[in-house]
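> This is the structure I have questions about; it appears just below.
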Amino acid sequence: MTYSNNPLIKIENLSYAYPRRGAVLKSINFTLHSNERVVINGDNGAGKTTLLHLIVGLKKAKQGDIIGFGEPCKTEKQFNQLRARAGLLFQDPDDQLFCPTVLEDVMFGPLNLGFTKQQAIDKSLQTLKKLGMQGFESRITHQLSGGEKRMITLASVLVMEPQVLILDEPTNALDEKAKMRLLNVLQGLPQAMIIISHDRAFSDQLATRQLHLQDGLLTEPSKSTVAVA
Amino acid sequence: MTYSNNPLIKIENLSYAYPRRGAVLKSINFTLHSNERVVINGDNGAGKTTLLHLIVGLKKAKQGDIIGFGEPCKTEKQFNQLRARAGLLFQDPDDQLFCPTVLEDVMFGPLNLGFTKQQAIDKSLQTLKKLGMQGFESRITHQLSGGEKRMITLASVLVMEPQVLILDEPTNALDEKAKMRLLNVLQGLPQAMIIISHDRAFSDQLATRQLHLQDGLLTEPSKSTVAVA
Amino acid sequence: MSQGLEHSLTSWSGQALKHQASWIDAIDARVRVVCSGLFALVVVLSSQFAPTLLGLIAAFVLVKSSKLNIKRTLRRVIAMDLFMLTLICILPFTTPGDVMFSVFGLAASWQGLSHALLITIKANAVLLVLFSLVATMSASTLGHALAHLKVPDKLVHLMLFMVRYLDVISQEYKKMRRAMQARAFVLRTNRHTWKSIGYLFGMLLIRSVERAERISDAMKCRGFCGRYYLNDDMKMGRIDIIFGVCVMCFLILLIGLNIDDLFK
Amino acid sequence: MHIVDGALSVPVLVSGAVLAVVGVFIGLKKMDYDHLPLVGVLASVFFIASYIHLPLGFSSVHLIMNGLLGIILGWVAFPALLVALLLQVIFFGFGGLLVLGVNTVNIALPAVIIYYLCYKGIRHESAKVAAIWGAIGGAGAIIITSVMVAFSLALSGESFVLAAKAVLPAHIPIMIVEGFVSYAAVYLIHTVKPEFITKEKS
Ligand SMILES: Nc1ncnc2c1ncn2[C@@H]1O[C@H](COP(=O)(O)OP(=O)(O)OP(=O)(O)O)[C@@H](O)[C@H]1O
Ligand SMILES: Nc1ncnc2c1ncn2[C@@H]1O[C@H](COP(=O)(O)OP(=O)(O)OP(=O)(O)O)[C@@H](O)[C@H]1O
Ligand SMILES: [Mg+2]
Ligand SMILES: [Mg+2]
């Protein structure tokens with residue numbers, strides 16, 4: 001694989017600790033290039049979710065740098081711009097679907113980006129169609145099934161046209177069929193991705209690179225278990 | 001395997017429908033004998049959780065009989081006795097842990113069964129030890145990792161000394177290591193079990209019999225896909 | 001857009017109720033909200049039987065034409081706080097006036113009875129109108145209507161959030177409650193019960209707070225920076241104006257009946 | 001606890017509405033958009049609390065928990081409870097439309113009073129002490145609420161005075177239950193996630 005010169009996301013020496021706990025992440029280094037799909041796995045509580053939240057600035061690292069699309073991010077404003085270009089899919093879809101209807105939920109992002117209402121509606125309908133979810137726009141979000149909720153959250157992230165997709169355990173509690181469907185959709189997307197998954201079969205089919213998070217360190221497990229540093 | 005004459009749990013013609021939905025379960029028949037470990041799989045929303053809740057009377061069936069330990073169960077009181085002998089592990093451990101500390105949570109069951117506080121403490125400590133969780137008794141439940149939570153919920157069910165264990169997707173969101181640990185513990189337990197799992201590898205190693213729930217029917221998939229009826 | 005959505009009556013409890021479409025659905029939400037508010041004002045402030053009774057009849061007509069499920073509606077009206085109903089039963093005995101009958105030396109008066117009846121009629125009329133005009137819209141439509149009626153934005157969004165998460169949290173509550181039941185827990189009148197319920201409630205609070213944090217994060221991730229958008233624009237049509245005028249005329253009639261009685 | 005439409009006199013209705021508007025206004029001022037999810041979710045929890053029926057002898061009582069809500073939310077309890085009560089009227093027919101103001105004040109004002117009374121105690125380092133303050137807050141809020149309900153009835157006419165007198169004793173069992181439940185709830189929160197109550201609210 002040929003990497004373009006400019007990494008999309010670059011993390012340098014990132015460390016994090018929760019109050020009254022030992023360090024969760026210890027000096028992590030990581031780069032995401034375009035066309036990559038990096039799967040990160042690791043034990044429960046290894047700090048995977050924490051890492052993703054640090055990347056998009058939902059938590060602030062005490063130490064280390066996050067460079068998104070060539071620009072170092074420090075302030076809330078800088079992270080705000082990063083978030084528009086790096087879409088995060090949460091572990092629990094219920095956290096992400098906070099509007100009463102599907103259309104309102106998908107429109108929420110574009111409206112915040114400054115699109116007019118009509119543009120937002122058009123974009124949302126297009127995105128829903130692309131994911132094969134046309135006809136769902138006036139459904140009530142909390143009455144959807146688990147798999148449907150997952151698809152709508154994906155739509156609400158994709159509608160913002162991010163350059164990077166960040167997915168936190170997208171297959172959680174999905175059955176085989178829903179998993180296959182999601183896999184197909186994700187494989188068809190052009191974006192670079194960072195994916196957390198415990199699911200071997202799923203990650204093997206999706207990943208261009210796999211990493212393992214353990215004891216606060218990010219390691220490349222397959223070849224020689226050497227710390228990526 | 002030799003079946004004893006008296007099945008532990010017997011279900012006859014059980015049907016269930018949620019209001020304003022089609023039937024979820026259509027005339028299910030099922031028997032659990034001692035020493036059996038039956039794994040049930042099926043798609044999201046197939047009605048697996050519903051079936052388990054019906055068995056222990058958390059939902060009441062409109063039609064059909066549930067015979068637990070030789071006695072037909074109809075009233076809440078009868079089901080309450082059944083529940084003391086058939087322990088149910090919920091799909092999400094967070095739903096089951098509601099006390100501040102591990103010890104209090106494990107004690108909850110024995111206290112409900114009418115044991116004194118001291119007896120309840122003794123029983124709980126014993127059970128925790130048996131599962132290799134000694135030293136956890138004063139930990140705060142909410143701060144445990146996913147795998148630890150699963151073990152504590154298992155302890156809080158086992159402490160009631162049930163004759164049957166009913167497990168709803170016990171490996172959900174567990175990492176590989178926690179899964180192996182759970183598998184070992186479960187294989188070492190003498191109880192008959194009903195287990196729901198999407199996880200092939202896990203169920204293949206644990207099951208003495210596998211069933212498939214689809215379209216409201218419980219079928220034996222492996223041999224000839226004939227309805228068990 | 002919002003038409004054809006699920007019935008709001010039970011939308012938070014997650015039951016997909018079949019909402020029977022009726023001509024009421026075609027009326028602008030703002031008109032419905034304002035009309036029911038004014039109706040409540042006029043009926044509650046009436047001092048005579050005739051206008052309240054007329055109001056109740058009008059409420060029945062609305063219930064019929066909005067095709068509410070009669071059984072469910074009745075159940076809800078009867079569910080009106082039992083505590084208040086007992087209060088109403090006390091009234092005849094505490095109001096001085098012409099004696100109707102007496103029990104154990106306590107005299108029940110006609111005036112008291114008529115007062116109690118008046119309260120019952122008023123309360124029911126208002127509720128039925130609310131059920132048929134307001135409760136038949138989806139919660140989000142109601143929210144948008146309130147926002148257009150200059151109810152503060154924050155209050156409207158608070159309502160929308162509540163409607164959205166009532167279901168999620170009540171599911172969580174039910175699951176935890178079932179898990180307790182599965183461990184042979186039975187509600188009794190003792191400290192073990194109260195302690196367990198207290199723990200359950202506390203845990204529910206903590207989980208909800210953590211969820212709220214995750215929701216805020218999810219909103220930030222989609223570019224949210226402190227400003228909400230409401231996306232329904234509402235237009236008044238002919239049917240809205242006709243309906244509004246009819247209700248106004250009816251209310252003026254009710255007011256007139258009151259005045260008429262005052263002059264006698 | 002919910003007073004129905006039509007029972008109260010006009011002056012009581014009007015003063016209730018005015019007080020409620022003032023309270024809601026202060027609450028909204030103290031609530032940022034950032035807090036919306038938190039307040040919305042907490043209000044939902046309290047909405048659900050009113051569906052928890054506990055047996056008491058031969059009858060049963062349902063939880064109100066406005067004391068605990070006040071301890072957590074302070075003045076923001078006003079908008080939260082207004083919305084919760086509005087939804088209860090529309091969805092379930094508890095209470096009424098015009099008495100919404102009175103009902104909101106009757107439940108939210110005690111919550112705010114408890115907030116100021118228990119502010120210090122609930123932030124005590126010891127979980128047990130904090131829980132006792134929680135119990136005081138839980139039971140206290142019910143007492144204040146029932147006094148206020150009694151007053152709104154008594155002020156609405158001679159004939160309601162007896163009913164108003166009956167309100168207080170009727171609430172004593174609820175008060176006891178609520179005290180115990182609040183004790184356990186605060187104890188749990190204090191052990192599991194102390195920063196939830198001890199952190200300063202912005
Ligand atoms: N708000 C918090 N306060 C204190 N500790 C926390 C907090 N959130 C997470 N932790 C702890 O930090 C560690 C890492 O959590 P994180 O959620 O990142 O794990 P994870 O790898 O995503 O696990 P999972 O696979 O279960 O999702 C865990 O030990 C967790 O208990
Ligand atoms: N309270 C409810 N009201 C109405 N429908 C419900 C309710 N609970 C579950 N259902 C529906 O009943 C069906 C069966 O649900 P159930 O939870 O038993 O599925 P499951 O097999 O356990 O799925 P999963 O693998 O996702 O856990 C689903 O279609 C679900 O949407
Ligand atoms: Mg995680
Ligand atoms: Mg299930």
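Letters A, B, ... go to the chains of the structure tokens in the order shown; residues in each chain start at 1; ligands are counted from 1 in the same order.
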Can I have chain B aligned to chain A? Use a least-squares fit on all Cα atoms paired in order and write it out as a CSV table (one decimal) with C-alpha atoms, in the first residue's frame.

chain,number,residue,atom,x,y,z
B,1,MET,CA,-0.5,0.0,-0.3
B,2,THR,CA,0.9,3.4,-1.1
B,3,TYR,CA,0.6,5.9,1.7
B,4,SER,CA,0.2,9.5,0.7
B,5,ASN,CA,2.7,11.7,2.4
B,6,ASN,CA,0.2,13.5,4.6
B,7,PRO,CA,-1.4,11.4,7.2
B,8,LEU,CA,-5.0,12.2,7.9
B,9,ILE,CA,-4.7,11.8,11.6
B,10,LYS,CA,-1.5,11.7,13.6
B,11,ILE,CA,-1.1,11.1,17.3
B,12,GLU,CA,2.1,11.7,19.1
B,13,ASN,CA,2.9,10.6,22.6
B,14,LEU,CA,-0.6,10.7,23.8
B,15,SER,CA,-1.1,9.8,27.5
B,16,TYR,CA,-4.3,9.8,29.5
B,17,ALA,CA,-5.3,8.9,33.0
B,18,TYR,CA,-8.7,9.2,34.7
B,19,PRO,CA,-8.6,11.0,38.0
B,20,ARG,CA,-7.6,8.6,40.9
B,21,ARG,CA,-6.8,5.8,38.5
B,22,GLY,CA,-3.6,4.5,36.9
B,23,ALA,CA,-2.7,5.6,33.4
B,24,VAL,CA,-5.1,4.3,30.8
B,25,LEU,CA,-3.0,5.3,27.8
B,26,LYS,CA,0.7,5.6,28.0
B,27,SER,CA,2.4,7.6,25.3
B,28,ILE,CA,0.5,6.3,22.3
B,29,ASN,CA,1.7,6.9,18.7
B,30,PHE,CA,-0.4,6.3,15.8
B,31,THR,CA,-1.0,7.5,12.2
B,32,LEU,CA,-3.9,7.0,9.9
B,33,HIS,CA,-3.3,7.4,6.2
B,34,SER,CA,-6.0,7.7,3.5
B,35,ASN,CA,-7.5,4.4,2.3
B,36,GLU,CA,-6.5,2.6,5.5
B,37,ARG,CA,-8.9,0.7,7.7
B,38,VAL,CA,-7.3,0.2,11.0
B,39,VAL,CA,-8.9,-2.2,13.5
B,40,ILE,CA,-8.0,-1.8,17.1
B,41,ASN,CA,-8.9,-4.6,19.6
B,42,GLY,CA,-8.3,-5.0,23.3
B,43,ASP,CA,-9.9,-6.2,26.5
B,44,ASN,CA,-12.8,-4.5,28.3
B,45,GLY,CA,-11.5,-1.4,29.9
B,46,ALA,CA,-8.3,-1.3,27.9
B,47,GLY,CA,-9.0,2.3,27.0
B,48,LYS,CA,-10.2,1.9,23.4
B,49,THR,CA,-13.2,4.2,23.7
B,50,THR,CA,-11.1,6.6,25.7
B,51,LEU,CA,-8.6,6.7,22.8
B,52,LEU,CA,-11.3,7.5,20.2
B,53,HIS,CA,-12.8,10.2,22.4
B,54,LEU,CA,-9.4,11.7,22.8
B,55,ILE,CA,-8.8,11.8,19.0
B,56,VAL,CA,-11.9,13.9,18.4
B,57,GLY,CA,-11.4,16.0,21.5
B,58,LEU,CA,-14.3,14.9,23.6
B,59,LYS,CA,-11.8,14.3,26.3
B,60,LYS,CA,-8.7,16.4,26.6
B,61,ALA,CA,-5.3,14.7,26.8
B,62,LYS,CA,-3.0,15.9,29.5
B,63,GLN,CA,0.0,15.1,27.3
B,64,GLY,CA,0.6,14.5,23.7
B,65,ASP,CA,-0.4,16.0,20.4
B,66,ILE,CA,-3.2,15.3,18.0
B,67,ILE,CA,-2.7,16.4,14.5
B,68,GLY,CA,-5.8,16.2,12.4
B,69,PHE,CA,-5.6,16.9,8.6
B,70,GLY,CA,-2.2,18.6,9.0
B,71,GLU,CA,-3.3,20.9,11.8
B,72,PRO,CA,-2.5,20.5,15.4
B,73,CYS,CA,-5.6,20.5,17.6
B,74,LYS,CA,-5.6,22.0,21.0
B,75,THR,CA,-8.5,24.2,21.6
B,76,GLU,CA,-12.2,23.3,21.5
B,77,LYS,CA,-12.6,25.3,18.4
B,78,GLN,CA,-9.9,23.4,16.5
B,79,PHE,CA,-11.4,20.1,17.7
B,80,ASN,CA,-14.8,21.3,16.5
B,81,GLN,CA,-13.4,21.6,13.0
B,82,LEU,CA,-11.8,18.3,13.3
B,83,ARG,CA,-15.1,16.7,14.3
B,84,ALA,CA,-16.7,17.9,11.2
B,85,ARG,CA,-14.2,16.0,9.2
B,86,ALA,CA,-13.8,12.9,11.4
B,87,GLY,CA,-17.1,11.3,12.2
B,88,LEU,CA,-17.4,9.2,15.3
B,89,LEU,CA,-19.9,6.4,15.7
B,90,PHE,CA,-20.6,5.7,19.3
B,91,GLN,CA,-20.4,2.3,21.0
B,92,ASP,CA,-24.1,2.3,21.8
B,93,PRO,CA,-26.4,3.6,19.0
B,94,ASP,CA,-29.0,4.6,21.6
B,95,ASP,CA,-26.6,7.2,22.9
B,96,GLN,CA,-26.5,8.8,19.5
B,97,LEU,CA,-30.1,8.9,18.6
B,98,PHE,CA,-32.0,11.6,20.4
B,99,CYS,CA,-34.4,13.1,17.9
B,100,PRO,CA,-38.0,11.8,17.5
B,101,THR,CA,-37.7,10.9,13.9
B,102,VAL,CA,-35.0,9.5,11.7
B,103,LEU,CA,-34.9,12.5,9.4
B,104,GLU,CA,-34.5,15.0,12.2
B,105,ASP,CA,-31.7,13.0,13.7
B,106,VAL,CA,-29.8,12.8,10.4
B,107,MET,CA,-30.4,16.5,9.8
B,108,PHE,CA,-28.9,17.4,13.1
B,109,GLY,CA,-25.3,17.3,11.9
B,110,PRO,CA,-25.7,19.4,8.7
B,111,LEU,CA,-27.7,22.0,10.7
B,112,ASN,CA,-24.8,22.3,13.1
B,113,LEU,CA,-22.5,22.8,10.2
B,114,GLY,CA,-24.6,25.8,9.2
B,115,PHE,CA,-26.6,24.4,6.3
B,116,THR,CA,-30.1,25.7,5.8
B,117,LYS,CA,-33.0,23.4,6.7
B,118,GLN,CA,-33.8,22.6,3.1
B,119,GLN,CA,-30.2,21.7,2.3
B,120,ALA,CA,-30.1,19.6,5.4
B,121,ILE,CA,-33.2,17.7,4.4
B,122,ASP,CA,-31.9,17.1,0.9
B,123,LYS,CA,-28.5,15.9,2.1
B,124,SER,CA,-30.1,13.6,4.7
B,125,LEU,CA,-32.4,12.0,2.2
B,126,GLN,CA,-29.5,11.4,-0.2
B,127,THR,CA,-27.4,9.8,2.5
B,128,LEU,CA,-30.3,7.6,3.6
B,129,LYS,CA,-30.8,6.4,0.1
B,130,LYS,CA,-27.1,5.7,-0.4
B,131,LEU,CA,-27.3,3.3,2.6
B,132,GLY,CA,-30.4,1.7,1.4
B,133,MET,CA,-32.5,3.2,4.1
B,134,GLN,CA,-34.9,5.2,2.0
B,135,GLY,CA,-38.4,5.2,3.4
B,136,PHE,CA,-37.1,5.3,7.0
B,137,GLU,CA,-37.1,9.1,7.2
B,138,SER,CA,-40.3,9.5,9.2
B,139,ARG,CA,-39.9,6.4,11.3
B,140,ILE,CA,-39.4,6.9,15.0
B,141,THR,CA,-35.8,6.3,16.0
B,142,HIS,CA,-36.6,4.8,19.4
B,143,GLN,CA,-38.7,2.0,17.8
B,144,LEU,CA,-36.1,0.8,15.3
B,145,SER,CA,-34.4,-2.5,15.7
B,146,GLY,CA,-30.7,-2.7,16.7
B,147,GLY,CA,-29.4,-3.1,13.2
B,148,GLU,CA,-31.6,-0.3,11.8
B,149,LYS,CA,-30.4,2.0,14.6
B,150,ARG,CA,-26.8,1.3,13.7
B,151,MET,CA,-27.5,2.1,10.0
B,152,ILE,CA,-29.2,5.4,11.0
B,153,THR,CA,-26.3,6.5,13.2
B,154,LEU,CA,-24.0,5.7,10.3
B,155,ALA,CA,-26.1,7.8,8.1
B,156,SER,CA,-26.1,10.6,10.6
B,157,VAL,CA,-22.3,10.6,10.6
B,158,LEU,CA,-21.9,10.1,6.8
B,159,VAL,CA,-24.2,13.0,6.0
B,160,MET,CA,-21.6,15.3,7.4
B,161,GLU,CA,-19.2,14.0,4.7
B,162,PRO,CA,-16.3,13.2,6.9
B,163,GLN,CA,-13.0,12.2,5.5
B,164,VAL,CA,-12.4,9.7,8.3
B,165,LEU,CA,-14.8,7.4,10.0
B,166,ILE,CA,-14.2,6.3,13.5
B,167,LEU,CA,-16.4,3.4,14.7
B,168,ASP,CA,-16.6,2.1,18.3
B,169,GLU,CA,-17.7,-1.5,18.3
B,170,PRO,CA,-20.1,-1.2,15.4
B,171,THR,CA,-21.2,-4.8,15.5
B,172,ASN,CA,-22.2,-4.9,19.2
B,173,ALA,CA,-25.5,-6.7,19.8
B,174,LEU,CA,-26.0,-7.0,16.0
B,175,ASP,CA,-27.2,-10.3,14.7
B,176,GLU,CA,-25.4,-12.1,11.8
B,177,LYS,CA,-27.5,-10.7,9.1
B,178,ALA,CA,-27.2,-7.1,10.3
B,179,LYS,CA,-23.4,-7.6,10.7
B,180,MET,CA,-23.0,-8.8,7.1
B,181,ARG,CA,-25.1,-5.9,5.8
B,182,LEU,CA,-22.9,-3.4,7.8
B,183,LEU,CA,-19.7,-5.1,6.5
B,184,ASN,CA,-20.9,-4.7,2.9
B,185,VAL,CA,-21.7,-1.0,3.4
B,186,LEU,CA,-18.5,-0.3,5.2
B,187,GLN,CA,-16.4,-2.0,2.5
B,188,GLY,CA,-18.1,0.1,-0.1
B,189,LEU,CA,-17.2,3.4,1.6
B,190,PRO,CA,-14.2,5.4,0.4
B,191,GLN,CA,-13.3,6.8,3.8
B,192,ALA,CA,-10.3,5.9,5.9
B,193,MET,CA,-11.5,4.2,9.1
B,194,ILE,CA,-10.5,3.5,12.6
B,195,ILE,CA,-12.6,0.6,14.0
B,196,ILE,CA,-12.8,-0.9,17.4
B,197,SER,CA,-14.1,-4.5,17.4
B,198,HIS,CA,-14.0,-7.6,19.5
B,199,ASP,CA,-15.3,-9.6,16.5
B,200,ARG,CA,-12.5,-11.5,14.8
B,201,ALA,CA,-14.4,-12.5,11.7
B,202,PHE,CA,-15.7,-9.0,11.1
B,203,SER,CA,-12.3,-7.3,11.6
B,204,ASP,CA,-10.4,-9.8,9.5
B,205,GLN,CA,-12.6,-9.0,6.6
B,206,LEU,CA,-12.5,-5.2,7.0
B,207,ALA,CA,-9.0,-4.4,8.2
B,208,THR,CA,-6.0,-3.3,6.2
B,209,ARG,CA,-4.1,-3.1,9.5
B,210,GLN,CA,-4.8,-4.5,13.0
B,211,LEU,CA,-3.6,-3.1,16.3
B,212,HIS,CA,-3.9,-4.3,19.8
B,213,LEU,CA,-4.3,-2.1,22.9
B,214,GLN,CA,-3.1,-3.5,26.1
B,215,ASP,CA,-1.7,-2.1,29.3
B,216,GLY,CA,-2.0,1.4,27.8
B,217,LEU,CA,0.2,0.5,24.8
B,218,LEU,CA,-0.8,0.1,21.2
B,219,THR,CA,1.0,-2.8,19.6
B,220,GLU,CA,1.0,-4.6,16.3
B,221,PRO,CA,0.1,-8.1,17.3
B,222,SER,CA,0.2,-10.1,14.1
B,223,LYS,CA,3.9,-9.9,13.0
B,224,SER,CA,6.1,-9.6,16.0
B,225,THR,CA,4.3,-7.9,18.9
B,226,VAL,CA,6.6,-4.9,18.8
B,227,ALA,CA,5.4,-1.6,20.2
B,228,VAL,CA,4.6,0.8,17.5
B,229,ALA,CA,6.6,3.7,18.8
> Quick one: DSSP alpha helix (DSSP H) residues in stretch 59-179 of chain C, as a PyMOL selection string?
chain C and resi 59-65+70-78+82-94+110-129+139-148+153-179
> Do you have, as CSV, the list of residues of stretch 110-210 of chain C lying at most 12 Å from stretch 66-71 of chain D, each with its nearest atom pair and that distance in Å to one decimal, counting only C-alpha atoms and ordered by chain then number?

residue,atom,partner,partner_atom,distance
C:Gly198,CA,D:Leu68,CA,11.2
C:Phe201,CA,D:Leu68,CA,10.6
C:Gly202,CA,D:Leu68,CA,9.9
C:Leu205,CA,D:Leu69,CA,10.1
> DSSP on the backbone: what in stretch 34-156 of chain B comes out strand (DSSP E), as a ChimeraX atom specification?
/B:37-41,63-68,71-73,86-89
> Would you kindly return, as a list in words, each protein, DNA or RNA residue with an atom no farther than 12 Å from any atom of C:Ile252, considering only C-alpha atoms and excluding same-chain residues fewer than 2 positions away?
Leu38, Phe39, Leu41, Val42, Val43, Ser46, Pro51, Gly55, Val245, Cys246, Val247, Met248, Cys249, Phe250, Leu254, Ile255, Gly256, Leu257, Asn258, Ile259 and Asp260 of chain C
> Please report as a JSON list (two decimals) with C-alpha atoms, in the first residue's frame which residues of chain C come no farther than 6 Å from chain A, using only C-alpha atoms.

[["chain", "number", "residue", "atom", "x", "y", "z"],
["C", 164, "ARG", "CA", -37.01, 10.71, 23.59],
["C", 215, "ILE", "CA", -25.45, 12.24, 24.56],
["C", 218, "ALA", "CA", -22.53, 12.68, 20.56],
["C", 221, "CYS", "CA", -19.42, 15.23, 17.48],
["C", 222, "ARG", "CA", -22.00, 16.44, 15.05],
["C", 223, "GLY", "CA", -20.91, 20.03, 15.20],
["C", 224, "PHE", "CA", -23.28, 21.15, 17.92]]
> Quick one: contact table of chain D to chain C, 8 Å max, nearest atom pair and distance in Å to one decimal per residue, counting only C-alpha atoms, chain and number order, as JSON lines?

{"residue": "D:Met1", "atom": "CA", "partner": "C:Phe83", "partner_atom": "CA", "distance": 7.5}
{"residue": "D:His2", "atom": "CA", "partner": "C:Asp81", "partner_atom": "CA", "distance": 6.8}
{"residue": "D:Ile3", "atom": "CA", "partner": "C:Met84", "partner_atom": "CA", "distance": 6.5}
{"residue": "D:Val4", "atom": "CA", "partner": "C:Ala123", "partner_atom": "CA", "distance": 6.2}
{"residue": "D:Asp5", "atom": "CA", "partner": "C:Ala123", "partner_atom": "CA", "distance": 4.8}
{"residue": "D:Gly6", "atom": "CA", "partner": "C:Ile119", "partner_atom": "CA", "distance": 4.9}
{"residue": "D:Ala7", "atom": "CA", "partner": "C:Ile119", "partner_atom": "CA", "distance": 5.7}
{"residue": "D:Val10", "atom": "CA", "partner": "C:Leu45", "partner_atom": "CA", "distance": 7.6}
{"residue": "D:Leu28", "atom": "CA", "partner": "C:Lys154", "partner_atom": "CA", "distance": 7.1}
{"residue": "D:Tyr33", "atom": "CA", "partner": "C:Gly226", "partner_atom": "CA", "distance": 5.9}
{"residue": "D:Asp34", "atom": "CA", "partner": "C:Gly226", "partner_atom": "CA", "distance": 6.9}
{"residue": "D:Leu36", "atom": "CA", "partner": "C:Leu158", "partner_atom": "CA", "distance": 6.2}
{"residue": "D:Pro37", "atom": "CA", "partner": "C:Ala212", "partner_atom": "CA", "distance": 5.2}
{"residue": "D:Leu38", "atom": "CA", "partner": "C:Ala212", "partner_atom": "CA", "distance": 4.9}
{"residue": "D:Val39", "atom": "CA", "partner": "C:Leu158", "partner_atom": "CA", "distance": 7.4}
{"residue": "D:Gly40", "atom": "CA", "partner": "C:Met162", "partner_atom": "CA", "distance": 4.9}
{"residue": "D:Val41", "atom": "CA", "partner": "C:Ser208", "partner_atom": "CA", "distance": 6.1}
{"residue": "D:Leu42", "atom": "CA", "partner": "C:Ser208", "partner_atom": "CA", "distance": 6.8}
{"residue": "D:Ala43", "atom": "CA", "partner": "C:Met162", "partner_atom": "CA", "distance": 6.9}
{"residue": "D:Ser44", "atom": "CA", "partner": "C:Leu166", "partner_atom": "CA", "distance": 5.2}
{"residue": "D:Val45", "atom": "CA", "partner": "C:Leu205", "partner_atom": "CA", "distance": 6.7}
{"residue": "D:Phe47", "atom": "CA", "partner": "C:Leu166", "partner_atom": "CA", "distance": 7.9}
{"residue": "D:Ile48", "atom": "CA", "partner": "C:Ser170", "partner_atom": "CA", "distance": 6.5}
{"residue": "D:Ala49", "atom": "CA", "partner": "C:Phe201", "partner_atom": "CA", "distance": 7.8}
{"residue": "D:Leu54", "atom": "CA", "partner": "C:Leu187", "partner_atom": "CA", "distance": 6.8}
{"residue": "D:Pro55", "atom": "CA", "partner": "C:Thr189", "partner_atom": "CA", "distance": 5.9}
{"residue": "D:Leu56", "atom": "CA", "partner": "C:Thr189", "partner_atom": "CA", "distance": 5.4}
{"residue": "D:Gly57", "atom": "CA", "partner": "C:Thr189", "partner_atom": "CA", "distance": 6.6}
{"residue": "D:Pro79", "atom": "CA", "partner": "C:Leu155", "partner_atom": "CA", "distance": 6.8}
{"residue": "D:Ala80", "atom": "CA", "partner": "C:Leu158", "partner_atom": "CA", "distance": 7.5}
{"residue": "D:Val83", "atom": "CA", "partner": "C:Met159", "partner_atom": "CA", "distance": 6.0}
{"residue": "D:Ala84", "atom": "CA", "partner": "C:Met159", "partner_atom": "CA", "distance": 7.9}
{"residue": "D:Val89", "atom": "CA", "partner": "C:Leu127", "partner_atom": "CA", "distance": 7.8}
{"residue": "D:Ile90", "atom": "CA", "partner": "C:Ala135", "partner_atom": "CA", "distance": 5.8}
{"residue": "D:Phe91", "atom": "CA", "partner": "C:Leu9", "partner_atom": "CA", "distance": 5.3}
{"residue": "D:Phe92", "atom": "CA", "partner": "C:Arg76", "partner_atom": "CA", "distance": 5.8}
{"residue": "D:Gly93", "atom": "CA", "partner": "C:Met80", "partner_atom": "CA", "distance": 6.0}
{"residue": "D:Phe94", "atom": "CA", "partner": "C:Met80", "partner_atom": "CA", "distance": 5.3}
{"residue": "D:Gly95", "atom": "CA", "partner": "C:Met80", "partner_atom": "CA", "distance": 7.0}
{"residue": "D:Gly96", "atom": "CA", "partner": "C:Ala123", "partner_atom": "CA", "distance": 6.9}
{"residue": "D:Leu97", "atom": "CA", "partner": "C:Ala40", "partner_atom": "CA", "distance": 7.0}
{"residue": "D:Leu98", "atom": "CA", "partner": "C:Ala40", "partner_atom": "CA", "distance": 6.8}
{"residue": "D:Glu158", "atom": "CA", "partner": "C:Thr95", "partner_atom": "CA", "distance": 7.5}
{"residue": "D:Ser159", "atom": "CA", "partner": "C:Thr95", "partner_atom": "CA", "distance": 4.9}
{"residue": "D:Phe160", "atom": "CA", "partner": "C:Leu91", "partner_atom": "CA", "distance": 7.1}
{"residue": "D:Leu162", "atom": "CA", "partner": "C:Thr94", "partner_atom": "CA", "distance": 6.9}
{"residue": "D:Ala163", "atom": "CA", "partner": "C:Leu87", "partner_atom": "CA", "distance": 5.9}
{"residue": "D:Val177", "atom": "CA", "partner": "C:Trp194", "partner_atom": "CA", "distance": 6.9}
{"residue": "D:Phe180", "atom": "CA", "partner": "C:Trp194", "partner_atom": "CA", "distance": 6.1}
{"residue": "D:Val181", "atom": "CA", "partner": "C:Gly198", "partner_atom": "CA", "distance": 4.2}
{"residue": "D:Ser182", "atom": "CA", "partner": "C:Gly198", "partner_atom": "CA", "distance": 6.1}
{"residue": "D:Tyr183", "atom": "CA", "partner": "C:Gly198", "partner_atom": "CA", "distance": 7.2}
{"residue": "D:Ala184", "atom": "CA", "partner": "C:Gly198", "partner_atom": "CA", "distance": 4.7}
{"residue": "D:Ala185", "atom": "CA", "partner": "C:Gly202", "partner_atom": "CA", "distance": 4.3}
{"residue": "D:Val186", "atom": "CA", "partner": "C:Gly202", "partner_atom": "CA", "distance": 6.8}
{"residue": "D:Leu188", "atom": "CA", "partner": "C:Tyr199", "partner_atom": "CA", "distance": 6.0}
{"residue": "D:Ile189", "atom": "CA", "partner": "C:Gly202", "partner_atom": "CA", "distance": 5.9}
{"residue": "D:Lys193", "atom": "CA", "partner": "C:Ile206", "partner_atom": "CA", "distance": 7.4}
{"residue": "D:Phe196", "atom": "CA", "partner": "C:Ile206", "partner_atom": "CA", "distance": 7.9}
